[in-house]
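Shown next: upload-v8.txt, given as compact mmCIF, N, CA and C atoms.
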# COMPACT_ATOMS: atom_id res chain seq x y z
N MET A 1 -9.64 -41.96 -60.53
CA MET A 1 -9.10 -40.79 -59.86
C MET A 1 -10.22 -39.80 -59.51
N LYS A 2 -11.14 -39.60 -60.50
CA LYS A 2 -12.24 -38.67 -60.28
C LYS A 2 -13.16 -39.17 -59.16
N THR A 3 -13.40 -40.47 -59.10
CA THR A 3 -14.24 -41.06 -58.07
C THR A 3 -13.62 -40.85 -56.69
N ARG A 4 -12.32 -40.99 -56.61
CA ARG A 4 -11.63 -40.81 -55.33
C ARG A 4 -11.73 -39.36 -54.85
N SER A 5 -11.59 -38.39 -55.74
CA SER A 5 -11.71 -36.97 -55.40
C SER A 5 -13.13 -36.65 -54.94
N MET A 6 -14.12 -37.23 -55.63
CA MET A 6 -15.51 -37.00 -55.23
C MET A 6 -15.78 -37.60 -53.85
N PHE A 7 -15.19 -38.77 -53.58
CA PHE A 7 -15.35 -39.39 -52.28
C PHE A 7 -14.74 -38.51 -51.18
N LYS A 8 -13.55 -38.00 -51.42
CA LYS A 8 -12.89 -37.12 -50.44
C LYS A 8 -13.72 -35.87 -50.21
N ALA A 9 -14.21 -35.26 -51.28
CA ALA A 9 -15.03 -34.05 -51.15
C ALA A 9 -16.30 -34.36 -50.37
N SER A 10 -16.92 -35.50 -50.66
CA SER A 10 -18.13 -35.90 -49.93
C SER A 10 -17.85 -36.09 -48.45
N MET A 11 -16.73 -36.70 -48.13
CA MET A 11 -16.36 -36.93 -46.73
C MET A 11 -16.11 -35.60 -46.01
N ILE A 12 -15.43 -34.67 -46.66
CA ILE A 12 -15.18 -33.36 -46.05
C ILE A 12 -16.50 -32.65 -45.77
N ILE A 13 -17.41 -32.67 -46.71
CA ILE A 13 -18.72 -32.04 -46.51
C ILE A 13 -19.47 -32.72 -45.38
N PHE A 14 -19.47 -34.05 -45.37
CA PHE A 14 -20.16 -34.81 -44.33
C PHE A 14 -19.61 -34.47 -42.94
N ILE A 15 -18.30 -34.43 -42.80
CA ILE A 15 -17.68 -34.13 -41.51
C ILE A 15 -17.97 -32.70 -41.10
N THR A 16 -17.87 -31.74 -42.03
CA THR A 16 -18.15 -30.34 -41.73
C THR A 16 -19.59 -30.15 -41.27
N VAL A 17 -20.53 -30.73 -41.99
CA VAL A 17 -21.94 -30.62 -41.61
C VAL A 17 -22.18 -31.29 -40.26
N GLY A 18 -21.58 -32.43 -40.05
CA GLY A 18 -21.73 -33.14 -38.79
C GLY A 18 -21.22 -32.33 -37.61
N ILE A 19 -20.06 -31.73 -37.75
CA ILE A 19 -19.50 -30.92 -36.65
C ILE A 19 -20.33 -29.68 -36.42
N SER A 20 -20.72 -28.98 -37.50
CA SER A 20 -21.52 -27.77 -37.31
C SER A 20 -22.88 -28.09 -36.72
N SER A 21 -23.46 -29.24 -37.07
CA SER A 21 -24.74 -29.64 -36.48
C SER A 21 -24.59 -29.88 -34.99
N PHE A 22 -23.49 -30.49 -34.58
CA PHE A 22 -23.25 -30.75 -33.16
C PHE A 22 -23.13 -29.45 -32.40
N ILE A 23 -22.38 -28.50 -32.92
CA ILE A 23 -22.19 -27.22 -32.24
C ILE A 23 -23.52 -26.49 -32.15
N GLU A 24 -24.29 -26.45 -33.21
CA GLU A 24 -25.58 -25.78 -33.21
C GLU A 24 -26.54 -26.45 -32.24
N THR A 25 -26.57 -27.78 -32.21
CA THR A 25 -27.44 -28.51 -31.29
C THR A 25 -27.08 -28.16 -29.85
N ASN A 26 -25.78 -28.11 -29.55
CA ASN A 26 -25.33 -27.78 -28.21
C ASN A 26 -25.81 -26.39 -27.82
N ALA A 27 -25.68 -25.42 -28.74
CA ALA A 27 -26.12 -24.05 -28.45
C ALA A 27 -27.63 -24.00 -28.28
N GLN A 28 -28.36 -24.69 -29.13
CA GLN A 28 -29.81 -24.65 -29.05
C GLN A 28 -30.32 -25.29 -27.77
N SER A 29 -29.61 -26.27 -27.26
CA SER A 29 -30.09 -26.96 -26.07
C SER A 29 -30.08 -26.07 -24.84
N VAL A 30 -29.31 -24.99 -24.86
CA VAL A 30 -29.28 -24.06 -23.74
C VAL A 30 -30.52 -23.18 -23.73
N VAL A 31 -31.08 -22.94 -24.90
CA VAL A 31 -32.24 -22.05 -25.03
C VAL A 31 -33.39 -22.58 -24.19
N GLY A 32 -33.98 -21.69 -23.40
CA GLY A 32 -35.11 -22.04 -22.55
C GLY A 32 -34.95 -21.46 -21.17
N LYS A 33 -35.86 -21.85 -20.28
CA LYS A 33 -35.84 -21.36 -18.90
C LYS A 33 -35.29 -22.43 -17.98
N TRP A 34 -34.42 -22.01 -17.06
CA TRP A 34 -33.75 -22.92 -16.13
C TRP A 34 -33.92 -22.40 -14.71
N ASN A 35 -34.15 -23.31 -13.79
CA ASN A 35 -34.29 -22.99 -12.37
C ASN A 35 -33.11 -23.61 -11.62
N GLU A 36 -32.28 -22.75 -11.03
CA GLU A 36 -31.11 -23.26 -10.30
C GLU A 36 -31.56 -24.00 -9.04
N THR A 37 -31.02 -25.20 -8.84
CA THR A 37 -31.40 -26.02 -7.70
C THR A 37 -30.30 -26.12 -6.65
N SER A 38 -29.03 -25.97 -7.07
CA SER A 38 -27.94 -26.02 -6.10
C SER A 38 -26.72 -25.29 -6.64
N ALA A 39 -25.86 -24.89 -5.71
CA ALA A 39 -24.61 -24.22 -6.07
C ALA A 39 -23.52 -24.71 -5.14
N LYS A 40 -22.34 -24.95 -5.70
CA LYS A 40 -21.17 -25.35 -4.91
C LYS A 40 -20.08 -24.31 -5.08
N GLN A 41 -19.42 -23.98 -3.98
CA GLN A 41 -18.26 -23.10 -4.02
C GLN A 41 -17.06 -23.88 -3.51
N PHE A 42 -15.99 -23.84 -4.27
CA PHE A 42 -14.75 -24.50 -3.89
C PHE A 42 -13.76 -23.42 -3.48
N PHE A 43 -13.26 -23.52 -2.24
CA PHE A 43 -12.44 -22.45 -1.67
C PHE A 43 -10.95 -22.63 -1.92
N THR A 44 -10.29 -21.50 -2.09
CA THR A 44 -8.83 -21.46 -2.16
C THR A 44 -8.29 -21.78 -0.75
N PRO A 45 -7.00 -22.04 -0.58
CA PRO A 45 -6.46 -22.24 0.77
C PRO A 45 -6.77 -21.06 1.70
N GLU A 46 -6.68 -19.84 1.17
CA GLU A 46 -7.00 -18.66 1.98
C GLU A 46 -8.47 -18.66 2.37
N GLY A 47 -9.34 -18.99 1.43
CA GLY A 47 -10.77 -19.05 1.70
C GLY A 47 -11.11 -20.14 2.69
N ALA A 48 -10.42 -21.28 2.58
CA ALA A 48 -10.66 -22.39 3.51
C ALA A 48 -10.25 -22.01 4.92
N LYS A 49 -9.19 -21.24 5.06
CA LYS A 49 -8.78 -20.77 6.40
C LYS A 49 -9.87 -19.91 7.02
N GLN A 50 -10.47 -19.04 6.21
CA GLN A 50 -11.48 -18.12 6.72
C GLN A 50 -12.82 -18.80 6.98
N THR A 51 -13.18 -19.78 6.16
CA THR A 51 -14.49 -20.42 6.32
C THR A 51 -14.42 -21.71 7.12
N GLY A 52 -13.24 -22.29 7.19
CA GLY A 52 -13.09 -23.58 7.86
C GLY A 52 -13.54 -24.74 6.99
N LYS A 53 -13.82 -24.48 5.71
CA LYS A 53 -14.29 -25.52 4.79
C LYS A 53 -13.57 -25.38 3.45
N THR A 54 -13.50 -26.48 2.72
CA THR A 54 -12.93 -26.43 1.37
C THR A 54 -14.02 -26.35 0.31
N VAL A 55 -15.23 -26.84 0.64
CA VAL A 55 -16.36 -26.80 -0.29
C VAL A 55 -17.63 -26.52 0.50
N ILE A 56 -18.48 -25.69 -0.07
CA ILE A 56 -19.81 -25.46 0.49
C ILE A 56 -20.81 -25.72 -0.62
N GLU A 57 -21.79 -26.57 -0.33
CA GLU A 57 -22.87 -26.81 -1.30
C GLU A 57 -24.15 -26.28 -0.69
N LYS A 58 -24.86 -25.49 -1.47
CA LYS A 58 -26.10 -24.89 -1.00
C LYS A 58 -27.24 -25.32 -1.92
N GLN A 59 -28.27 -25.88 -1.32
CA GLN A 59 -29.50 -26.19 -2.05
C GLN A 59 -30.34 -24.91 -2.05
N ILE A 60 -30.95 -24.60 -3.16
CA ILE A 60 -31.75 -23.39 -3.27
C ILE A 60 -33.07 -23.62 -2.50
N SER A 61 -33.34 -22.73 -1.54
CA SER A 61 -34.54 -22.88 -0.70
C SER A 61 -35.74 -22.20 -1.36
N SER A 62 -36.91 -22.35 -0.75
CA SER A 62 -38.12 -21.75 -1.30
C SER A 62 -38.08 -20.23 -1.24
N ASN A 63 -37.26 -19.64 -0.34
CA ASN A 63 -37.12 -18.19 -0.25
C ASN A 63 -36.09 -17.64 -1.24
N ASP A 64 -35.30 -18.53 -1.83
CA ASP A 64 -34.28 -18.14 -2.80
C ASP A 64 -34.79 -18.39 -4.21
N LYS A 65 -34.22 -17.64 -5.13
CA LYS A 65 -34.62 -17.83 -6.51
C LYS A 65 -33.45 -17.48 -7.42
N VAL A 66 -33.15 -18.38 -8.33
CA VAL A 66 -32.21 -18.09 -9.42
C VAL A 66 -32.81 -18.74 -10.67
N GLU A 67 -33.36 -17.90 -11.52
CA GLU A 67 -33.95 -18.36 -12.78
C GLU A 67 -33.19 -17.73 -13.93
N LEU A 68 -32.83 -18.55 -14.88
CA LEU A 68 -32.15 -18.09 -16.10
C LEU A 68 -33.02 -18.38 -17.29
N GLU A 69 -33.13 -17.42 -18.19
CA GLU A 69 -33.80 -17.67 -19.46
C GLU A 69 -32.82 -17.31 -20.57
N PHE A 70 -32.42 -18.33 -21.32
CA PHE A 70 -31.56 -18.14 -22.48
C PHE A 70 -32.47 -18.07 -23.70
N LYS A 71 -32.48 -16.92 -24.36
CA LYS A 71 -33.38 -16.71 -25.50
C LYS A 71 -32.64 -17.05 -26.80
N SER A 72 -33.41 -17.39 -27.82
CA SER A 72 -32.82 -17.80 -29.10
C SER A 72 -32.10 -16.65 -29.81
N ASP A 73 -32.36 -15.40 -29.40
CA ASP A 73 -31.64 -14.27 -30.00
C ASP A 73 -30.30 -14.00 -29.31
N HIS A 74 -29.88 -14.93 -28.45
CA HIS A 74 -28.61 -14.88 -27.72
C HIS A 74 -28.57 -13.77 -26.66
N THR A 75 -29.74 -13.45 -26.10
CA THR A 75 -29.81 -12.61 -24.91
C THR A 75 -30.30 -13.49 -23.77
N TYR A 76 -30.04 -13.05 -22.55
CA TYR A 76 -30.53 -13.80 -21.39
C TYR A 76 -31.08 -12.84 -20.35
N THR A 77 -31.93 -13.39 -19.50
CA THR A 77 -32.47 -12.69 -18.35
C THR A 77 -32.23 -13.58 -17.14
N GLU A 78 -31.74 -12.99 -16.05
CA GLU A 78 -31.51 -13.73 -14.81
C GLU A 78 -32.27 -13.03 -13.70
N ILE A 79 -33.09 -13.79 -13.00
CA ILE A 79 -33.82 -13.28 -11.84
C ILE A 79 -33.26 -14.02 -10.63
N ALA A 80 -32.72 -13.27 -9.67
CA ALA A 80 -32.05 -13.91 -8.54
C ALA A 80 -32.27 -13.10 -7.27
N GLY A 81 -32.17 -13.81 -6.15
CA GLY A 81 -32.24 -13.13 -4.87
C GLY A 81 -32.77 -14.02 -3.77
N HIS A 82 -32.84 -13.43 -2.59
CA HIS A 82 -33.37 -14.08 -1.40
C HIS A 82 -34.52 -13.21 -0.90
N VAL A 83 -35.73 -13.67 -1.05
CA VAL A 83 -36.98 -12.98 -0.72
C VAL A 83 -37.19 -11.79 -1.67
N LYS A 84 -36.22 -10.86 -1.76
CA LYS A 84 -36.31 -9.73 -2.68
C LYS A 84 -35.44 -10.08 -3.90
N PHE A 85 -36.02 -9.97 -5.09
CA PHE A 85 -35.35 -10.43 -6.29
C PHE A 85 -34.92 -9.26 -7.17
N HIS A 86 -33.82 -9.46 -7.88
CA HIS A 86 -33.37 -8.48 -8.87
C HIS A 86 -33.21 -9.16 -10.22
N THR A 87 -33.33 -8.39 -11.27
CA THR A 87 -33.24 -8.91 -12.63
C THR A 87 -32.03 -8.32 -13.31
N SER A 88 -31.28 -9.17 -13.99
CA SER A 88 -30.17 -8.69 -14.81
C SER A 88 -30.31 -9.30 -16.20
N THR A 89 -29.72 -8.62 -17.17
CA THR A 89 -29.81 -9.06 -18.55
C THR A 89 -28.42 -9.04 -19.18
N GLY A 90 -28.32 -9.65 -20.34
CA GLY A 90 -27.06 -9.65 -21.07
C GLY A 90 -27.15 -10.50 -22.31
N THR A 91 -25.98 -10.85 -22.83
CA THR A 91 -25.90 -11.69 -24.02
C THR A 91 -25.16 -12.97 -23.67
N TRP A 92 -25.40 -14.01 -24.46
CA TRP A 92 -24.72 -15.28 -24.26
C TRP A 92 -24.28 -15.84 -25.61
N SER A 93 -23.25 -16.69 -25.54
CA SER A 93 -22.80 -17.41 -26.73
C SER A 93 -22.22 -18.75 -26.28
N VAL A 94 -22.16 -19.68 -27.22
CA VAL A 94 -21.61 -21.01 -26.94
C VAL A 94 -20.54 -21.31 -27.97
N SER A 95 -19.43 -21.83 -27.49
CA SER A 95 -18.37 -22.32 -28.36
C SER A 95 -17.94 -23.67 -27.79
N GLY A 96 -18.34 -24.75 -28.47
CA GLY A 96 -18.05 -26.08 -27.93
C GLY A 96 -18.79 -26.28 -26.62
N ASN A 97 -18.04 -26.54 -25.53
CA ASN A 97 -18.67 -26.71 -24.22
C ASN A 97 -18.47 -25.48 -23.33
N GLN A 98 -18.18 -24.34 -23.96
CA GLN A 98 -18.00 -23.09 -23.22
C GLN A 98 -19.22 -22.20 -23.42
N LEU A 99 -19.81 -21.76 -22.31
CA LEU A 99 -20.94 -20.83 -22.31
C LEU A 99 -20.41 -19.51 -21.80
N ILE A 100 -20.51 -18.47 -22.62
CA ILE A 100 -20.02 -17.15 -22.23
C ILE A 100 -21.23 -16.26 -22.00
N MET A 101 -21.31 -15.68 -20.80
CA MET A 101 -22.40 -14.78 -20.44
C MET A 101 -21.80 -13.41 -20.11
N VAL A 102 -22.26 -12.38 -20.83
CA VAL A 102 -21.79 -11.02 -20.61
C VAL A 102 -22.98 -10.17 -20.20
N GLY A 103 -23.02 -9.79 -18.94
CA GLY A 103 -24.11 -8.96 -18.44
C GLY A 103 -24.02 -7.55 -19.00
N THR A 104 -25.17 -6.88 -19.10
CA THR A 104 -25.20 -5.51 -19.60
C THR A 104 -24.30 -4.61 -18.76
N ALA A 105 -24.35 -4.75 -17.43
CA ALA A 105 -23.50 -3.94 -16.55
C ALA A 105 -22.02 -4.28 -16.73
N GLU A 106 -21.71 -5.56 -16.93
CA GLU A 106 -20.32 -5.97 -17.17
C GLU A 106 -19.80 -5.35 -18.46
N LYS A 107 -20.63 -5.37 -19.49
CA LYS A 107 -20.24 -4.82 -20.78
C LYS A 107 -19.96 -3.32 -20.66
N LYS A 108 -20.84 -2.60 -19.95
CA LYS A 108 -20.65 -1.16 -19.75
C LYS A 108 -19.35 -0.87 -19.01
N ALA A 109 -18.98 -1.77 -18.08
CA ALA A 109 -17.76 -1.59 -17.29
C ALA A 109 -16.51 -2.08 -18.03
N GLY A 110 -16.69 -2.60 -19.25
CA GLY A 110 -15.55 -3.08 -20.04
C GLY A 110 -15.03 -4.44 -19.59
N MET A 111 -15.86 -5.20 -18.87
CA MET A 111 -15.46 -6.52 -18.39
C MET A 111 -15.75 -7.57 -19.46
N GLU A 112 -15.06 -8.72 -19.35
CA GLU A 112 -15.20 -9.81 -20.31
C GLU A 112 -16.48 -10.61 -20.13
N GLY A 113 -17.02 -10.64 -18.95
CA GLY A 113 -18.15 -11.50 -18.66
C GLY A 113 -17.68 -12.77 -17.98
N ARG A 114 -18.54 -13.76 -17.95
CA ARG A 114 -18.24 -15.02 -17.26
C ARG A 114 -18.21 -16.16 -18.27
N THR A 115 -17.19 -17.01 -18.16
CA THR A 115 -17.08 -18.17 -19.03
C THR A 115 -17.27 -19.42 -18.19
N TYR A 116 -18.22 -20.23 -18.60
CA TYR A 116 -18.53 -21.48 -17.91
C TYR A 116 -18.23 -22.65 -18.84
N THR A 117 -17.77 -23.74 -18.27
CA THR A 117 -17.81 -25.02 -18.94
C THR A 117 -19.17 -25.58 -18.59
N PHE A 118 -19.92 -26.05 -19.58
CA PHE A 118 -21.27 -26.51 -19.26
C PHE A 118 -21.55 -27.86 -19.89
N SER A 119 -22.53 -28.53 -19.28
CA SER A 119 -23.03 -29.79 -19.84
C SER A 119 -24.52 -29.86 -19.57
N ILE A 120 -25.22 -30.53 -20.47
CA ILE A 120 -26.65 -30.76 -20.30
C ILE A 120 -26.87 -32.25 -20.36
N ASN A 121 -27.49 -32.78 -19.30
CA ASN A 121 -27.81 -34.20 -19.22
C ASN A 121 -29.30 -34.29 -18.96
N GLY A 122 -30.07 -34.62 -19.98
CA GLY A 122 -31.53 -34.64 -19.84
C GLY A 122 -32.02 -33.23 -19.61
N ASN A 123 -32.69 -33.00 -18.48
CA ASN A 123 -33.20 -31.68 -18.12
C ASN A 123 -32.32 -30.97 -17.10
N THR A 124 -31.06 -31.40 -16.96
CA THR A 124 -30.15 -30.80 -15.98
C THR A 124 -29.01 -30.09 -16.68
N LEU A 125 -28.83 -28.83 -16.33
CA LEU A 125 -27.74 -28.00 -16.84
C LEU A 125 -26.75 -27.79 -15.71
N THR A 126 -25.49 -28.12 -15.95
CA THR A 126 -24.43 -27.88 -14.97
C THR A 126 -23.46 -26.88 -15.59
N ARG A 127 -23.24 -25.76 -14.87
CA ARG A 127 -22.29 -24.73 -15.31
C ARG A 127 -21.16 -24.66 -14.29
N THR A 128 -19.92 -24.73 -14.77
CA THR A 128 -18.77 -24.65 -13.88
C THR A 128 -17.90 -23.47 -14.34
N MET A 129 -17.60 -22.58 -13.39
CA MET A 129 -16.79 -21.41 -13.69
C MET A 129 -15.56 -21.39 -12.79
N MET A 130 -14.41 -21.23 -13.42
CA MET A 130 -13.17 -21.01 -12.68
C MET A 130 -13.05 -19.51 -12.50
N THR A 131 -12.92 -19.04 -11.26
CA THR A 131 -12.83 -17.60 -11.03
C THR A 131 -11.44 -17.10 -11.40
N LYS A 132 -11.38 -15.85 -11.79
CA LYS A 132 -10.13 -15.25 -12.22
C LYS A 132 -9.66 -14.25 -11.16
N PRO A 133 -8.44 -14.42 -10.69
CA PRO A 133 -7.89 -13.40 -9.79
C PRO A 133 -7.80 -12.08 -10.55
N PRO A 134 -7.94 -10.97 -9.96
CA PRO A 134 -8.09 -10.72 -8.53
C PRO A 134 -9.53 -10.62 -8.08
N TYR A 135 -10.50 -11.02 -8.95
CA TYR A 135 -11.91 -10.85 -8.63
C TYR A 135 -12.34 -11.60 -7.38
N ASN A 136 -11.82 -12.79 -7.18
CA ASN A 136 -12.23 -13.55 -6.01
C ASN A 136 -11.02 -14.32 -5.49
N THR A 137 -10.56 -13.96 -4.31
CA THR A 137 -9.39 -14.64 -3.74
C THR A 137 -9.80 -15.77 -2.81
N MET A 138 -11.10 -15.89 -2.51
CA MET A 138 -11.56 -16.95 -1.60
C MET A 138 -12.10 -18.17 -2.34
N VAL A 139 -12.74 -17.97 -3.48
CA VAL A 139 -13.36 -19.06 -4.23
C VAL A 139 -12.62 -19.21 -5.55
N TYR A 140 -12.20 -20.45 -5.87
CA TYR A 140 -11.52 -20.65 -7.15
C TYR A 140 -12.42 -21.31 -8.19
N LYS A 141 -13.53 -21.92 -7.73
CA LYS A 141 -14.44 -22.57 -8.67
C LYS A 141 -15.86 -22.52 -8.14
N GLN A 142 -16.81 -22.30 -9.05
CA GLN A 142 -18.23 -22.27 -8.72
C GLN A 142 -18.94 -23.24 -9.64
N GLU A 143 -19.79 -24.10 -9.08
CA GLU A 143 -20.54 -25.06 -9.89
C GLU A 143 -22.02 -24.89 -9.59
N ASP A 144 -22.81 -24.57 -10.62
CA ASP A 144 -24.24 -24.35 -10.48
C ASP A 144 -25.00 -25.42 -11.23
N THR A 145 -26.05 -25.96 -10.61
CA THR A 145 -26.88 -26.98 -11.24
C THR A 145 -28.31 -26.44 -11.35
N SER A 146 -28.87 -26.54 -12.54
CA SER A 146 -30.22 -26.05 -12.81
C SER A 146 -31.03 -27.12 -13.53
N THR A 147 -32.37 -27.03 -13.39
CA THR A 147 -33.25 -27.92 -14.13
C THR A 147 -34.10 -27.09 -15.08
N ARG A 148 -34.40 -27.70 -16.21
CA ARG A 148 -35.21 -27.00 -17.23
C ARG A 148 -36.63 -26.83 -16.69
N MET A 149 -37.16 -25.62 -16.84
CA MET A 149 -38.53 -25.33 -16.42
C MET A 149 -39.47 -25.67 -17.57
N LYS A 150 -40.65 -26.11 -17.23
CA LYS A 150 -41.64 -26.51 -18.27
C LYS A 150 -42.51 -25.35 -18.65
How does this structure look as structure tokens?
Amino acid sequence: MKTRSMFKASMIIFITVGISSFIETNAQSVVGKWNETSAKQFFTPEGAKQTGKTVIEKQISSNDKVELEFKSDHTYTEIAGHVKFHTSTGTWSVSGNQLIMVGTAEKKAGMEGRTYTFSINGNTLTRTMMTKPPYNTMVYKQEDTSTRMK
């Protein structure tokens, strides 16, 4: 009986450590600098009427820049723009496959921030965000692809 209880306790510890290691590994894998290479916008029916398209994919050109740096202290810096660049900062967290980014300006305005479903495959980070009405009535989903910078 005692052996069986010890086995059960060992299994619970093993599973708990295994799950927490997976979650921590997932969070740690986001840490670093990323260069966005493409972005896709998926339009609502109303947006498709106005644009004449249901999806637009844009490759980031040499005049464009979107760089993200996720720091180990759970802050981030984003440098973005076309020829003229602006910098924004905020905090990030990971829960499972959800990446939550709350910009400093969003926090001051009492906003929730942005929640992405994300995946990392090798050196490629894909972030997918479902937009929330009433913020955007034309785009219902945004998908951004970035590569890890060396």
May I have the residues at most 6 Å from (-17.9, -25.3, -10.3) in the file's coordinates, counting all atoms listed in the file, as a list in words?
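Applying the cut-off with all atoms listed in the file, one gets Lys40, Arg127, Thr128, Met129, Lys141, Gln142, Glu143 and Asp144 of chain A.
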Between CA of Val139 (chain A) and atom C of Thr115 (chain A), distance in Å (one decimal)
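Interatomic distance, CA of Val139 (chain A) to atom C of Thr115 (chain A): 14.5 Å.
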Which residues, written as a list in words, have at least one atom at most 5 Å from Gly81 (chain A), with all atoms listed in the file counted and residues fewer than 3 positions away on the same chain left out?
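Everything that qualifies: Asp64, Lys65, Lys84, Phe85 and His86 of chain A.
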Dump N, CA and C atoms for the selected residues as a compact mmCIF listing (two decimals), keeping the file's coordinate frame?
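Final output, part04.txt:
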# COMPACT_ATOMS: atom_id res chain seq x y z
N ASP A 64 -35.30 -18.53 -1.83
CA ASP A 64 -34.28 -18.14 -2.80
C ASP A 64 -34.79 -18.39 -4.21
N LYS A 65 -34.22 -17.64 -5.13
CA LYS A 65 -34.62 -17.83 -6.51
C LYS A 65 -33.45 -17.48 -7.42
N LYS A 84 -36.22 -10.86 -1.76
CA LYS A 84 -36.31 -9.73 -2.68
C LYS A 84 -35.44 -10.08 -3.90
N PHE A 85 -36.02 -9.97 -5.09
CA PHE A 85 -35.35 -10.43 -6.29
C PHE A 85 -34.92 -9.26 -7.17
N HIS A 86 -33.82 -9.46 -7.88
CA HIS A 86 -33.37 -8.48 -8.87
C HIS A 86 -33.21 -9.16 -10.22
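With only C-alpha atoms as the atoms that count, the minimum distance from Gly96 (chain A) to the choices A:Thr137, A:Thr126, A:Thr77, A:Ser119 is reached by A:Ser119.
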What lies within 12 Å of Ala80 (chain A) using only C-alpha atoms, ignoring chain neighbours under 2 positions off, as a PDB file with N, CA and C atoms, keeping the file's coordinate frame?
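Result file is around-v2.pdb:
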ATOM      1  N   TRP A  34     -34.420 -22.010 -17.060  1.00  0.00           N
ATOM      2  CA  TRP A  34     -33.750 -22.920 -16.130  1.00  0.00           C
ATOM      3  C   TRP A  34     -33.920 -22.400 -14.710  1.00  0.00           C
ATOM      4  N   ASN A  35     -34.150 -23.310 -13.790  1.00  0.00           N
ATOM      5  CA  ASN A  35     -34.290 -22.990 -12.370  1.00  0.00           C
ATOM      6  C   ASN A  35     -33.110 -23.610 -11.620  1.00  0.00           C
ATOM      7  N   GLU A  36     -32.280 -22.750 -11.030  1.00  0.00           N
ATOM      8  CA  GLU A  36     -31.110 -23.260 -10.300  1.00  0.00           C
ATOM      9  C   GLU A  36     -31.560 -24.000  -9.040  1.00  0.00           C
ATOM     10  N   ILE A  60     -30.950 -24.600  -3.160  1.00  0.00           N
ATOM     11  CA  ILE A  60     -31.750 -23.390  -3.270  1.00  0.00           C
ATOM     12  C   ILE A  60     -33.070 -23.620  -2.500  1.00  0.00           C
ATOM     13  N   ASN A  63     -37.260 -19.640  -0.340  1.00  0.00           N
ATOM     14  CA  ASN A  63     -37.120 -18.190  -0.250  1.00  0.00           C
ATOM     15  C   ASN A  63     -36.090 -17.640  -1.240  1.00  0.00           C
ATOM     16  N   ASP A  64     -35.300 -18.530  -1.830  1.00  0.00           N
ATOM     17  CA  ASP A  64     -34.280 -18.140  -2.800  1.00  0.00           C
ATOM     18  C   ASP A  64     -34.790 -18.390  -4.210  1.00  0.00           C
ATOM     19  N   LYS A  65     -34.220 -17.640  -5.130  1.00  0.00           N
ATOM     20  CA  LYS A  65     -34.620 -17.830  -6.510  1.00  0.00           C
ATOM     21  C   LYS A  65     -33.450 -17.480  -7.420  1.00  0.00           C
ATOM     22  N   VAL A  66     -33.150 -18.380  -8.330  1.00  0.00           N
ATOM     23  CA  VAL A  66     -32.210 -18.090  -9.420  1.00  0.00           C
ATOM     24  C   VAL A  66     -32.810 -18.740 -10.670  1.00  0.00           C
ATOM     25  N   GLU A  67     -33.360 -17.900 -11.520  1.00  0.00           N
ATOM     26  CA  GLU A  67     -33.950 -18.360 -12.780  1.00  0.00           C
ATOM     27  C   GLU A  67     -33.190 -17.730 -13.930  1.00  0.00           C
ATOM     28  N   LEU A  68     -32.830 -18.550 -14.880  1.00  0.00           N
ATOM     29  CA  LEU A  68     -32.150 -18.090 -16.100  1.00  0.00           C
ATOM     30  C   LEU A  68     -33.020 -18.380 -17.290  1.00  0.00           C
ATOM     31  N   GLU A  69     -33.130 -17.420 -18.190  1.00  0.00           N
ATOM     32  CA  GLU A  69     -33.800 -17.670 -19.460  1.00  0.00           C
ATOM     33  C   GLU A  69     -32.820 -17.310 -20.570  1.00  0.00           C
ATOM     34  N   THR A  77     -31.930 -13.390 -19.500  1.00  0.00           N
ATOM     35  CA  THR A  77     -32.470 -12.690 -18.350  1.00  0.00           C
ATOM     36  C   THR A  77     -32.230 -13.580 -17.140  1.00  0.00           C
ATOM     37  N   GLU A  78     -31.740 -12.990 -16.050  1.00  0.00           N
ATOM     38  CA  GLU A  78     -31.510 -13.730 -14.810  1.00  0.00           C
ATOM     39  C   GLU A  78     -32.270 -13.030 -13.700  1.00  0.00           C
ATOM     40  N   HIS A  82     -32.840 -13.430  -2.590  1.00  0.00           N
ATOM     41  CA  HIS A  82     -33.370 -14.080  -1.400  1.00  0.00           C
ATOM     42  C   HIS A  82     -34.520 -13.210  -0.900  1.00  0.00           C
ATOM     43  N   VAL A  83     -35.730 -13.670  -1.050  1.00  0.00           N
ATOM     44  CA  VAL A  83     -36.980 -12.980  -0.720  1.00  0.00           C
ATOM     45  C   VAL A  83     -37.190 -11.790  -1.670  1.00  0.00           C
ATOM     46  N   LYS A  84     -36.220 -10.860  -1.760  1.00  0.00           N
ATOM     47  CA  LYS A  84     -36.310  -9.730  -2.680  1.00  0.00           C
ATOM     48  C   LYS A  84     -35.440 -10.080  -3.900  1.00  0.00           C
ATOM     49  N   PHE A  85     -36.020  -9.970  -5.090  1.00  0.00           N
ATOM     50  CA  PHE A  85     -35.350 -10.430  -6.290  1.00  0.00           C
ATOM     51  C   PHE A  85     -34.920  -9.260  -7.170  1.00  0.00           C
ATOM     52  N   HIS A  86     -33.820  -9.460  -7.880  1.00  0.00           N
ATOM     53  CA  HIS A  86     -33.370  -8.480  -8.870  1.00  0.00           C
ATOM     54  C   HIS A  86     -33.210  -9.160 -10.220  1.00  0.00           C
ATOM     55  N   THR A  87     -33.330  -8.390 -11.270  1.00  0.00           N
ATOM     56  CA  THR A  87     -33.240  -8.910 -12.630  1.00  0.00           C
ATOM     57  C   THR A  87     -32.030  -8.320 -13.310  1.00  0.00           C
ATOM     58  N   SER A  88     -31.280  -9.170 -13.990  1.00  0.00           N
ATOM     59  CA  SER A  88     -30.170  -8.690 -14.810  1.00  0.00           C
ATOM     60  C   SER A  88     -30.310  -9.300 -16.200  1.00  0.00           C
ATOM     61  N   THR A  89     -29.720  -8.620 -17.170  1.00  0.00           N
ATOM     62  CA  THR A  89     -29.810  -9.060 -18.550  1.00  0.00           C
ATOM     63  C   THR A  89     -28.420  -9.040 -19.180  1.00  0.00           C
TER      64      THR A  89
END
Rank A:Thr147, A:Ser38, A:Gln98, A:Ser61 by their smallest atom-to-atom distance to Thr117 (chain A), using all atoms listed in the file, and report the top residue only.
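Nearest candidate to Thr117 (chain A) out of A:Thr147, A:Ser38, A:Gln98, A:Ser61: A:Gln98.
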